[in-house]
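In what follows, a structure is listed as C-alpha coordinates, so that the remarks can point back to it.
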Amino acid sequence: MKRKPFIAGNWKMYKNASEAVTLVQTIKAAAHTVSDVTIVICPPFTALGVVSKILTDTAIQLGAQNMYSAPEGAFTGEISPTMLKDVGCRYVILGHSERRQYFKEDDILIHEKVKTALKYSLVPIVCLGETLAEREAKKHFDIVKTQFDECLARLEKDDMAKVVIAYEPVWAIGTGKTATPDQAEQMHSYIRRLLNERYSQEVGNRIPILYGGSVKPDNTKSLMEKPNIDGALVGGASLKAESFAQIIIEAQQTHEAGINS
(Lines give C-alpha, C1' and ligand atoms only; values in the text may rest on other atoms or scores of the structure.)
Protein backbone atom coordinates (compact mmCIF):
# COMPACT_ATOMS: atom_id res chain seq x y z
CA MET A 1 0.00 0.00 0.00
CA LYS A 2 1.43 3.35 -1.05
CA ARG A 3 0.13 6.19 1.08
CA LYS A 4 -0.53 9.74 -0.08
CA PRO A 5 2.75 11.72 -0.07
CA PHE A 6 3.26 14.02 2.90
CA ILE A 7 5.76 16.91 2.77
CA ALA A 8 6.30 19.14 5.81
CA GLY A 9 8.59 22.17 5.99
CA ASN A 10 10.25 22.96 9.32
CA TRP A 11 11.49 26.54 9.17
CA LYS A 12 13.20 26.28 12.58
CA MET A 13 14.32 29.68 13.98
CA TYR A 14 14.33 31.47 10.63
CA LYS A 15 12.12 34.14 9.05
CA ASN A 16 10.46 37.07 10.78
CA ALA A 17 6.81 37.80 10.01
CA SER A 18 7.39 39.85 6.85
CA GLU A 19 9.94 37.36 5.49
CA ALA A 20 7.49 34.55 6.24
CA VAL A 21 4.78 36.27 4.23
CA THR A 22 7.06 36.55 1.20
CA LEU A 23 8.18 32.93 1.46
CA VAL A 24 4.75 31.39 1.90
CA GLN A 25 3.27 33.46 -0.93
CA THR A 26 6.00 32.17 -3.24
CA ILE A 27 5.51 28.57 -2.07
CA LYS A 28 1.76 28.88 -2.60
CA ALA A 29 2.28 30.12 -6.16
CA ALA A 30 4.94 27.51 -6.98
CA ALA A 31 2.92 24.57 -5.65
CA HIS A 32 -0.51 25.59 -6.90
CA THR A 33 -0.67 22.76 -9.45
CA VAL A 34 -0.03 20.04 -6.83
CA SER A 35 -3.21 18.20 -5.91
CA ASP A 36 -2.39 14.87 -4.30
CA VAL A 37 0.21 15.69 -1.65
CA THR A 38 -0.35 16.66 1.98
CA ILE A 39 1.66 19.87 2.42
CA VAL A 40 2.41 21.33 5.86
CA ILE A 41 4.37 24.50 6.66
CA CYS A 42 5.77 25.02 10.17
CA PRO A 43 6.97 28.62 10.64
CA PRO A 44 8.21 30.08 13.95
CA PHE A 45 5.53 31.02 16.47
CA THR A 46 5.74 34.75 15.68
CA ALA A 47 4.78 34.14 12.04
CA LEU A 48 1.93 31.65 12.55
CA GLY A 49 -0.79 34.31 12.52
CA VAL A 50 0.18 36.02 9.27
CA VAL A 51 0.95 32.73 7.52
CA SER A 52 -2.40 31.30 8.60
CA LYS A 53 -4.23 34.13 6.83
CA ILE A 54 -2.31 33.56 3.60
CA LEU A 55 -3.09 29.83 3.67
CA THR A 56 -6.85 30.38 3.95
CA ASP A 57 -8.65 28.59 1.12
CA THR A 58 -5.51 26.70 0.05
CA ALA A 59 -4.65 23.01 0.44
CA ILE A 60 -1.51 23.88 2.41
CA GLN A 61 -1.83 23.11 6.13
CA LEU A 62 -0.29 25.06 9.03
CA GLY A 63 1.85 23.45 11.69
CA ALA A 64 3.86 24.54 14.72
CA GLN A 65 7.36 23.45 15.70
CA ASN A 66 6.60 22.64 19.34
CA MET A 67 4.08 23.11 22.15
CA TYR A 68 3.72 22.54 25.86
CA SER A 69 1.69 19.71 27.39
CA ALA A 70 -0.82 21.93 29.24
CA PRO A 71 -3.70 23.98 27.76
CA GLU A 72 -2.85 27.02 29.92
CA GLY A 73 -1.05 27.98 33.10
CA ALA A 74 1.94 29.69 34.66
CA PHE A 75 4.50 28.33 32.21
CA THR A 76 6.47 31.39 31.14
CA GLY A 77 7.66 31.27 27.56
CA GLU A 78 5.59 28.25 26.52
CA ILE A 79 2.87 27.89 23.86
CA SER A 80 -0.27 25.86 24.49
CA PRO A 81 -2.25 23.61 22.14
CA THR A 82 -5.27 25.90 22.44
CA MET A 83 -3.15 28.85 21.29
CA LEU A 84 -1.99 26.86 18.27
CA LYS A 85 -5.56 25.85 17.43
CA ASP A 86 -6.70 29.45 17.79
CA VAL A 87 -4.18 30.66 15.22
CA GLY A 88 -5.12 27.97 12.72
CA CYS A 89 -2.64 25.14 13.28
CA ARG A 90 -3.60 21.59 12.42
CA TYR A 91 -0.19 19.95 12.97
CA VAL A 92 2.61 20.20 15.52
CA ILE A 93 6.16 18.79 15.43
CA LEU A 94 7.05 17.02 18.67
CA GLY A 95 10.29 15.39 19.83
CA HIS A 96 12.54 16.95 17.20
CA SER A 97 16.16 16.05 17.81
CA GLU A 98 17.04 19.70 18.40
CA ARG A 99 14.45 19.84 21.20
CA ARG A 100 15.97 16.70 22.68
CA GLN A 101 19.57 17.89 22.30
CA TYR A 102 19.41 21.58 23.20
CA PHE A 103 16.40 21.70 25.50
CA LYS A 104 16.83 18.29 27.16
CA GLU A 105 13.37 17.02 26.28
CA ASP A 106 13.02 13.34 27.09
CA ASP A 107 10.65 10.66 25.83
CA ILE A 108 8.35 10.97 28.84
CA LEU A 109 7.76 14.68 28.26
CA ILE A 110 7.30 14.08 24.53
CA HIS A 111 4.70 11.41 25.31
CA GLU A 112 2.75 13.91 27.45
CA LYS A 113 2.89 16.45 24.62
CA VAL A 114 1.66 13.86 22.11
CA LYS A 115 -1.30 12.97 24.33
CA THR A 116 -2.17 16.64 24.79
CA ALA A 117 -1.91 17.38 21.06
CA LEU A 118 -4.32 14.56 20.31
CA LYS A 119 -6.70 15.66 23.05
CA TYR A 120 -6.93 19.10 21.43
CA SER A 121 -7.28 17.71 17.88
CA LEU A 122 -3.79 18.61 16.72
CA VAL A 123 -1.94 16.04 14.60
CA PRO A 124 1.47 15.33 16.14
CA ILE A 125 4.44 14.77 13.83
CA VAL A 126 6.54 12.70 16.23
CA CYS A 127 10.27 12.53 15.55
CA LEU A 128 12.42 9.46 16.21
CA GLY A 129 16.07 8.96 15.36
CA GLU A 130 19.59 8.03 16.42
CA THR A 131 22.90 9.90 16.67
CA LEU A 132 25.96 8.98 14.62
CA ALA A 133 27.60 7.37 17.67
CA GLU A 134 24.51 5.24 18.27
CA ARG A 135 24.43 4.11 14.64
CA GLU A 136 28.15 3.32 14.59
CA ALA A 137 27.66 1.28 17.77
CA LYS A 138 24.86 -0.57 15.93
CA LYS A 139 22.32 0.59 18.51
CA HIS A 140 20.13 2.51 16.06
CA PHE A 141 17.26 0.03 16.08
CA ASP A 142 17.32 -0.19 19.89
CA ILE A 143 17.32 3.61 20.22
CA VAL A 144 14.39 4.07 17.85
CA LYS A 145 12.46 1.25 19.51
CA THR A 146 12.94 2.86 22.94
CA GLN A 147 11.78 6.23 21.60
CA PHE A 148 8.79 4.54 19.96
CA ASP A 149 7.89 2.69 23.17
CA GLU A 150 8.20 5.73 25.42
CA CYS A 151 6.67 8.33 23.10
CA LEU A 152 3.94 6.33 21.38
CA ALA A 153 3.34 2.79 22.52
CA ARG A 154 1.01 3.71 25.38
CA LEU A 155 -1.47 5.48 23.13
CA GLU A 156 -4.89 4.02 22.41
CA LYS A 157 -5.30 2.50 18.96
CA ASP A 158 -7.69 5.23 17.74
CA ASP A 159 -5.27 7.94 18.83
CA MET A 160 -2.27 6.21 17.29
CA ALA A 161 -4.03 6.15 13.92
CA LYS A 162 -3.98 9.98 13.91
CA VAL A 163 -0.21 10.30 14.40
CA VAL A 164 2.46 11.07 11.80
CA ILE A 165 5.96 9.70 12.45
CA ALA A 166 9.19 11.26 11.18
CA TYR A 167 12.42 9.26 11.16
CA GLU A 168 15.28 11.73 11.41
CA PRO A 169 18.78 10.30 11.79
CA VAL A 170 20.38 13.01 13.92
CA TRP A 171 23.66 12.71 12.04
CA ALA A 172 21.92 13.77 8.81
CA ILE A 173 20.17 16.91 10.06
CA GLY A 174 21.70 20.12 8.78
CA THR A 175 24.96 18.32 7.99
CA GLY A 176 24.50 17.80 4.28
CA LYS A 177 24.70 14.06 4.92
CA THR A 178 21.71 11.94 4.02
CA ALA A 179 20.91 8.39 4.94
CA THR A 180 20.97 6.36 1.75
CA PRO A 181 17.52 5.40 0.49
CA ASP A 182 18.25 1.83 1.56
CA GLN A 183 19.30 2.92 5.08
CA ALA A 184 16.20 5.07 5.42
CA GLU A 185 13.90 2.35 4.08
CA GLN A 186 15.40 -0.18 6.48
CA MET A 187 14.45 1.99 9.47
CA HIS A 188 11.07 2.99 8.03
CA SER A 189 10.27 -0.68 7.49
CA TYR A 190 11.30 -1.41 11.08
CA ILE A 191 9.03 1.36 12.42
CA ARG A 192 6.17 0.07 10.26
CA ARG A 193 6.69 -3.39 11.73
CA LEU A 194 6.51 -1.95 15.26
CA LEU A 195 3.23 -0.24 14.35
CA ASN A 196 1.82 -3.43 12.89
CA GLU A 197 2.82 -5.48 15.94
CA ARG A 198 1.58 -3.00 18.54
CA TYR A 199 -1.51 -1.62 16.87
CA SER A 200 -2.55 -3.81 13.89
CA GLN A 201 -1.65 -3.86 10.24
CA GLU A 202 -4.58 -1.57 9.48
CA VAL A 203 -3.11 1.17 11.68
CA GLY A 204 0.44 0.47 10.51
CA ASN A 205 -0.55 0.79 6.86
CA ARG A 206 -2.39 4.04 7.49
CA ILE A 207 0.29 6.07 9.28
CA PRO A 208 2.64 8.22 7.18
CA ILE A 209 6.32 7.77 8.05
CA LEU A 210 8.40 10.72 6.85
CA TYR A 211 12.15 10.90 6.35
CA GLY A 212 13.95 13.93 7.78
CA GLY A 213 17.61 14.67 7.22
CA SER A 214 19.01 16.92 4.47
CA VAL A 215 16.16 16.26 2.02
CA LYS A 216 16.64 18.14 -1.24
CA PRO A 217 15.01 18.12 -4.68
CA ASP A 218 17.74 15.87 -6.08
CA ASN A 219 17.29 13.07 -3.52
CA THR A 220 13.51 13.21 -3.08
CA LYS A 221 12.70 10.78 -5.88
CA SER A 222 15.13 8.09 -4.73
CA LEU A 223 13.75 8.30 -1.19
CA MET A 224 10.09 8.41 -2.20
CA GLU A 225 10.46 5.35 -4.42
CA LYS A 226 10.92 3.22 -1.32
CA PRO A 227 7.71 1.48 -0.17
CA ASN A 228 7.76 2.68 3.45
CA ILE A 229 8.98 6.26 2.90
CA ASP A 230 5.81 8.33 2.60
CA GLY A 231 7.26 11.82 2.52
CA ALA A 232 9.73 14.17 4.11
CA LEU A 233 10.22 16.51 7.03
CA VAL A 234 12.25 19.17 5.23
CA GLY A 235 14.56 21.62 7.00
CA GLY A 236 16.88 23.94 5.10
CA ALA A 237 15.35 23.31 1.69
CA SER A 238 11.94 24.46 2.98
CA LEU A 239 13.36 27.96 3.42
CA LYS A 240 13.73 28.34 -0.35
CA ALA A 241 10.40 28.36 -2.13
CA GLU A 242 11.71 26.87 -5.36
CA SER A 243 13.46 23.99 -3.59
CA PHE A 244 10.48 23.20 -1.38
CA ALA A 245 8.07 23.33 -4.31
CA GLN A 246 10.33 21.03 -6.33
CA ILE A 247 10.42 18.51 -3.48
CA ILE A 248 6.62 18.55 -3.40
CA ILE A 249 6.41 18.08 -7.17
CA GLU A 250 8.98 15.25 -7.09
CA ALA A 251 6.96 13.54 -4.36
CA GLN A 252 3.77 13.77 -6.39
CA GLN A 253 5.38 12.56 -9.61
CA THR A 254 7.08 9.62 -7.89
CA HIS A 255 3.82 8.64 -6.23
CA GLU A 256 1.93 8.80 -9.52
CA ALA A 257 4.62 6.77 -11.29
CA GLY A 258 4.38 4.11 -8.58
CA ILE A 259 0.60 3.89 -8.92
CA ASN A 260 0.79 3.59 -12.70
CA SER A 261 3.66 1.09 -12.84
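Chain lettering (A, B, ...) mirrors the order of the C-alpha coordinates, residue numbering begins at 1 for each chain separately, and ligand numbering begins at 1 in order of display.
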
DSSP alpha helix (DSSP H) selection over stretch 119-203 of chain A, as a ChimeraX atom specification: /A:119,132-136,140-151,157-160,181-199,201-203

Contacts of stretch 102-108 of chain A within 7 Å, only C-alpha atoms, excl. fewer than 3 positions in-chain, as a list in words: Glu98, Arg99, His111, Glu112, Gln147, Glu150 and Cys151 of chain A

Who sits within 8 Å of A:Gly49, only C-alpha atoms, same chain under 3 positions skipped, as a list of chain:residue names: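 So the residues in contact are A:Thr46, A:Ser52, A:Lys53, A:Val87, A:Gly88.
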
Export N, CA and C atoms of the chosen residues as a PDB file, in the first residue's frame?
ATOM      1  N   THR A  46       6.076  33.346  15.938  1.00  0.00           N
ATOM      2  CA  THR A  46       5.743  34.747  15.679  1.00  0.00           C
ATOM      3  C   THR A  46       5.143  34.967  14.296  1.00  0.00           C
ATOM      4  N   SER A  52      -1.074  31.915   8.574  1.00  0.00           N
ATOM      5  CA  SER A  52      -2.403  31.296   8.600  1.00  0.00           C
ATOM      6  C   SER A  52      -3.368  32.025   7.673  1.00  0.00           C
ATOM      7  N   LYS A  53      -3.325  33.335   7.690  1.00  0.00           N
ATOM      8  CA  LYS A  53      -4.228  34.130   6.832  1.00  0.00           C
ATOM      9  C   LYS A  53      -3.948  33.881   5.352  1.00  0.00           C
ATOM     10  N   VAL A  87      -4.836  29.953  16.324  1.00  0.00           N
ATOM     11  CA  VAL A  87      -4.176  30.659  15.223  1.00  0.00           C
ATOM     12  C   VAL A  87      -4.261  29.873  13.909  1.00  0.00           C
ATOM     13  N   GLY A  88      -4.878  28.691  13.953  1.00  0.00           N
ATOM     14  CA  GLY A  88      -5.122  27.967  12.718  1.00  0.00           C
ATOM     15  C   GLY A  88      -4.254  26.754  12.467  1.00  0.00           C
TER      16      GLY A  88
END

Nearest to A:Thr146, chosen from A:Leu194, A:Leu122, A:Leu48, A:Ala166, with only C-alpha atoms counted in the distances: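 Smallest distance to A:Thr146 is found for A:Leu194.
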